[in-house]
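**Student:** One file is attached below, data-v9.pdb, containing PDB, C-alpha atoms and all ligand atoms.
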ATOM      1  CA  MET A 988      76.543 143.788 139.461  1.00  0.00           C
ATOM      2  CA  PRO A 989      79.256 141.108 139.462  1.00  0.00           C
ATOM      3  CA  ASN A 990      82.099 141.496 136.993  1.00  0.00           C
ATOM      4  CA  LEU A 991      82.190 139.105 134.068  1.00  0.00           C
ATOM      5  CA  VAL A 992      85.552 137.410 133.619  1.00  0.00           C
ATOM      6  CA  TYR A 993      85.985 135.224 130.564  1.00  0.00           C
ATOM      7  CA  THR A 994      87.158 131.752 131.430  1.00  0.00           C
ATOM      8  CA  LYS A 995      87.618 131.023 127.721  1.00  0.00           C
ATOM      9  CA  ALA A 996      87.794 133.351 124.751  1.00  0.00           C
ATOM     10  CA  PRO A 997      84.305 134.360 123.583  1.00  0.00           C
ATOM     11  CA  SER A 998      83.330 134.652 119.917  1.00  0.00           C
ATOM     12  CA  CYS A 999      83.799 138.093 118.378  1.00  0.00           C
ATOM     13  CA  PRO A1000      80.664 140.242 118.676  1.00  0.00           C
ATOM     14  CA  ARG A1001      81.545 142.169 115.499  1.00  0.00           C
ATOM     15  CA  CYS A1002      82.374 139.387 113.021  1.00  0.00           C
ATOM     16  CA  THR A1003      81.454 136.128 114.882  1.00  0.00           C
ATOM     17  CA  GLU A1004      85.005 134.743 114.647  1.00  0.00           C
ATOM     18  CA  ASN A1005      85.421 131.902 117.140  1.00  0.00           C
ATOM     19  CA  ALA A1006      89.235 131.855 117.265  1.00  0.00           C
ATOM     20  CA  THR A1007      89.537 134.857 119.588  1.00  0.00           C
ATOM     21  CA  GLN A1008      92.169 135.023 122.300  1.00  0.00           C
ATOM     22  CA  ILE A1009      92.367 136.296 125.844  1.00  0.00           C
ATOM     23  CA  VAL A1010      95.208 138.826 125.629  1.00  0.00           C
ATOM     24  CA  ALA A1011      95.171 140.563 129.018  1.00  0.00           C
ATOM     25  CA  GLN A1012      93.883 140.148 132.531  1.00  0.00           C
ATOM     26  CA  SER A1013      93.358 142.691 135.269  1.00  0.00           C
ATOM     27  CA  PRO A1014      96.216 143.320 137.711  1.00  0.00           C
ATOM     28  CA  VAL A1015      93.723 142.480 140.442  1.00  0.00           C
ATOM     29  CA  ALA A1016      92.857 138.871 139.700  1.00  0.00           C
ATOM     30  CA  GLY A1017      89.327 138.211 138.529  1.00  0.00           C
ATOM     31  CA  ALA A1018      88.278 141.835 137.844  1.00  0.00           C
ATOM     32  CA  TRP A1019      88.282 141.700 134.012  1.00  0.00           C
ATOM     33  CA  THR A1020      89.801 140.033 130.967  1.00  0.00           C
ATOM     34  CA  MET A1021      90.466 141.433 127.507  1.00  0.00           C
ATOM     35  CA  ALA A1022      89.772 139.526 124.309  1.00  0.00           C
ATOM     36  CA  LEU A1023      91.163 140.070 120.797  1.00  0.00           C
ATOM     37  CA  CYS A1024      89.713 138.992 117.481  1.00  0.00           C
ATOM     38  CA  PRO A1025      92.445 137.955 114.992  1.00  0.00           C
ATOM     39  CA  THR A1026      90.124 138.526 112.034  1.00  0.00           C
ATOM     40  CA  CYS A1027      88.812 142.084 112.512  1.00  0.00           C
ATOM     41  CA  TYR A1028      91.161 143.127 115.370  1.00  0.00           C
ATOM     42  CA  TYR A1029      88.299 144.172 117.605  1.00  0.00           C
ATOM     43  CA  THR A1030      89.365 144.087 121.243  1.00  0.00           C
ATOM     44  CA  TRP A1031      87.089 144.350 124.218  1.00  0.00           C
ATOM     45  CA  ARG A1032      87.248 144.138 127.949  1.00  0.00           C
ATOM     46  CA  SER A1033      84.802 141.800 129.618  1.00  0.00           C
ATOM     47  CA  THR A1034      83.355 144.563 131.792  1.00  0.00           C
ATOM     48  CA  GLU A1035      82.356 146.901 128.946  1.00  0.00           C
ATOM     49  CA  PRO A1036      78.635 147.573 128.370  1.00  0.00           C
ATOM     50  CA  ASP A1037      76.537 144.995 126.527  1.00  0.00           C
ATOM     51  CA  TYR A1038      76.577 147.072 123.321  1.00  0.00           C
ATOM     52  CA  ALA A1039      80.351 146.513 123.154  1.00  0.00           C
ATOM     53  CA  VAL A1040      80.542 142.840 124.167  1.00  0.00           C
ATOM     54  CA  LYS A1041      77.332 141.131 123.065  1.00  0.00           C
ATOM     55  CA  ARG A1042      76.458 140.834 119.399  1.00  0.00           C
ATOM     56  CA  GLU A1043      72.718 140.917 120.046  1.00  0.00           C
ATOM     57  CA  ALA A1044      73.064 144.229 121.911  1.00  0.00           C
ATOM     58  CA  MET A1045      75.521 145.777 119.447  1.00  0.00           C
ATOM     59  CA  SER A1046      74.360 148.095 116.667  1.00  0.00           C
ATOM     60  CA  LYS A1047      74.208 146.220 113.359  1.00  0.00           C
ATOM     61  CA  ASP A1048      76.091 149.180 111.878  1.00  0.00           C
ATOM     62  CA  PHE A1049      79.096 147.940 113.867  1.00  0.00           C
ATOM     63  CA  TYR A1050      78.986 144.401 112.452  1.00  0.00           C
ATOM     64  CA  ILE A1051      81.803 143.384 110.118  1.00  0.00           C
ATOM     65  CA  ASP A1052      81.514 140.833 107.326  1.00  0.00           C
ATOM     66  CA  PRO A1053      84.903 139.057 107.390  1.00  0.00           C
ATOM     67  CA  THR A1054      84.689 138.373 103.646  1.00  0.00           C
ATOM     68  CA  LYS A1055      84.663 142.124 102.961  1.00  0.00           C
ATOM     69  CA  ILE A1056      87.621 143.186 105.107  1.00  0.00           C
ATOM     70  CA  GLU A1057      90.051 143.015 102.175  1.00  0.00           C
ATOM     71  CA  LYS A1058      87.768 145.293 100.143  1.00  0.00           C
ATOM     72  CA  GLY A1059      87.854 148.084 102.736  1.00  0.00           C
ATOM     73  CA  ARG A1060      89.632 151.278 101.836  1.00  0.00           C
ATOM     74  CA  VAL A1061      92.975 152.176 103.357  1.00  0.00           C
ATOM     75  CA  MET A1062      92.661 154.505 106.349  1.00  0.00           C
ATOM     76  CA  PRO A1063      94.192 157.019 106.321  1.00  0.00           C
ATOM     77  CA  GLU A1064      94.364 157.237 102.557  1.00  0.00           C
ATOM     78  CA  ILE A1065      97.827 157.457 101.060  1.00  0.00           C
ATOM     79  CA  PRO A1066      98.106 160.538  98.824  1.00  0.00           C
ATOM     80  CA  PRO A1067      99.751 160.287  95.390  1.00  0.00           C
ATOM     81  CA  LEU A1068     103.489 160.867  95.328  1.00  0.00           C
ATOM     82  CA  ARG A1069     104.585 164.419  94.651  1.00  0.00           C
ATOM     83  CA  THR A1070     106.651 164.769  91.510  1.00  0.00           C
TER
HETATM   84 ZN    ZN A1101      86.065 139.993 114.831  1.00  0.00          ZN
END
Could you render the structure as structure tokens?

**Tutor:**
Amino acid sequence: MPNLVYTKAPSCPRCTENATQIVAQSPVAGAWTMALCPTCYYTWRSTEPDYAVKREAMSKDFYIDPTKIEKGRVMPEIPPLRT
């Protein structure tokens, strides 16, 4: 199976953001590239399995609605201050 190397940043498989960036390339030229989504911060290497790089093969449980990111809870939760 030939390796997939992104020639331009793909859309994010988790949130469909189109303004992703190529942030790393393999030390051996042409082996893989890594993309980053600036909206949900998902990062993925081009050679990962389809379930990690293609939206249609990814579990819908892993999808992120960008409009709901701000409503997510803080992880890890910050405990109340001790008095
Ligand atoms: Zn994303």

**Student:** So which residues get picked by the PyMOL selection byres (((chain A and resi 1011-1016) around 12) and not hetatm) here, written as a list of chain:residue names?

**Tutor:**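 Output from the PyMOL selection byres (((chain A and resi 1011-1016) around 12) and not hetatm), applied to this file: A:Asn990, A:Leu991, A:Val992, A:Tyr993, A:Thr994, A:Ala996, A:Gln1008, A:Ile1009, A:Val1010, A:Gly1017, A:Ala1018, A:Trp1019, A:Thr1020, A:Met1021, A:Ala1022, A:Leu1023, A:Thr1030, A:Trp1031, A:Arg1032, A:Ser1033, A:Thr1034.
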
**Student:** Could you give me, as a PDB file with C-alpha atoms, in the frame of the given file, the residues within 9 Å of Tyr1050 in chain A, counting only C-alpha atoms and dropping anything in the same chain fewer than 3 positions from it?

**Tutor:**
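Below is the file that was written, part36.pdb:
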ATOM      1  CA  PRO A1000      80.664 140.242 118.676  1.00  0.00           C
ATOM      2  CA  ARG A1001      81.545 142.169 115.499  1.00  0.00           C
ATOM      3  CA  CYS A1002      82.374 139.387 113.021  1.00  0.00           C
ATOM      4  CA  THR A1003      81.454 136.128 114.882  1.00  0.00           C
ATOM      5  CA  ARG A1042      76.458 140.834 119.399  1.00  0.00           C
ATOM      6  CA  MET A1045      75.521 145.777 119.447  1.00  0.00           C
ATOM      7  CA  SER A1046      74.360 148.095 116.667  1.00  0.00           C
ATOM      8  CA  LYS A1047      74.208 146.220 113.359  1.00  0.00           C
TER       9      LYS A1047
END

**Student:** Could I get the residues of chain A with an atom no further than 8 Å from an atom of ligand ZN 1101 (chain A), each paired with its nearest atom pair and that distance in Å to one decimal, using all atoms listed in the file, sorted by chain and residue number, as CSV?

**Tutor:**
residue,atom,partner,partner_atom,distance
A:Ser998,CA,A:ZN1101,ZN,7.9
A:Cys999,CA,A:ZN1101,ZN,4.6
A:Pro1000,CA,A:ZN1101,ZN,6.6
A:Arg1001,CA,A:ZN1101,ZN,5.1
A:Cys1002,CA,A:ZN1101,ZN,4.2
A:Thr1003,CA,A:ZN1101,ZN,6.0
A:Glu1004,CA,A:ZN1101,ZN,5.4
A:Thr1007,CA,A:ZN1101,ZN,7.8
A:Leu1023,CA,A:ZN1101,ZN,7.8
A:Cys1024,CA,A:ZN1101,ZN,4.6
A:Pro1025,CA,A:ZN1101,ZN,6.7
A:Thr1026,CA,A:ZN1101,ZN,5.1
A:Cys1027,CA,A:ZN1101,ZN,4.2
A:Tyr1028,CA,A:ZN1101,ZN,6.0
A:Tyr1029,CA,A:ZN1101,ZN,5.5
A:Ile1051,CA,A:ZN1101,ZN,7.2
A:Pro1053,CA,A:ZN1101,ZN,7.6

**Student:** By how many Å are CA of Ile1056 in chain A and CA of Pro1036 in chain A apart?

**Tutor:**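 Computing the Euclidean distance for CA of Ile1056 in chain A and CA of Pro1036 in chain A yields 25.3 Å.
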
**Student:** So how many Å separate CA of Lys1041 in chain A and CA of Pro997 in chain A, to one decimal?

**Tutor:**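 CA of Pro997 in chain A lies 9.7 Å from CA of Lys1041 in chain A.
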
**Student:** What does the structure give for the distance between CA of Lys1058 in chain A and CA of Asn1005 in chain A, in Å to one decimal?

**Tutor:**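 So the two atoms, CA of Lys1058 in chain A and CA of Asn1005 in chain A, lie 21.8 Å apart.
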
**Student:** Could you write out as lines of an AutoDock Vina configuration file the box around range 1041-1055 of chain A (axis-aligned, all atoms listed in the file, 3 Å on each side), with centre and edge lengths in Å to one decimal?

**Tutor:**
center_x = 78.8
center_y = 143.8
center_z = 113.0
size_x = 18.2
size_y = 16.8
size_z = 26.1
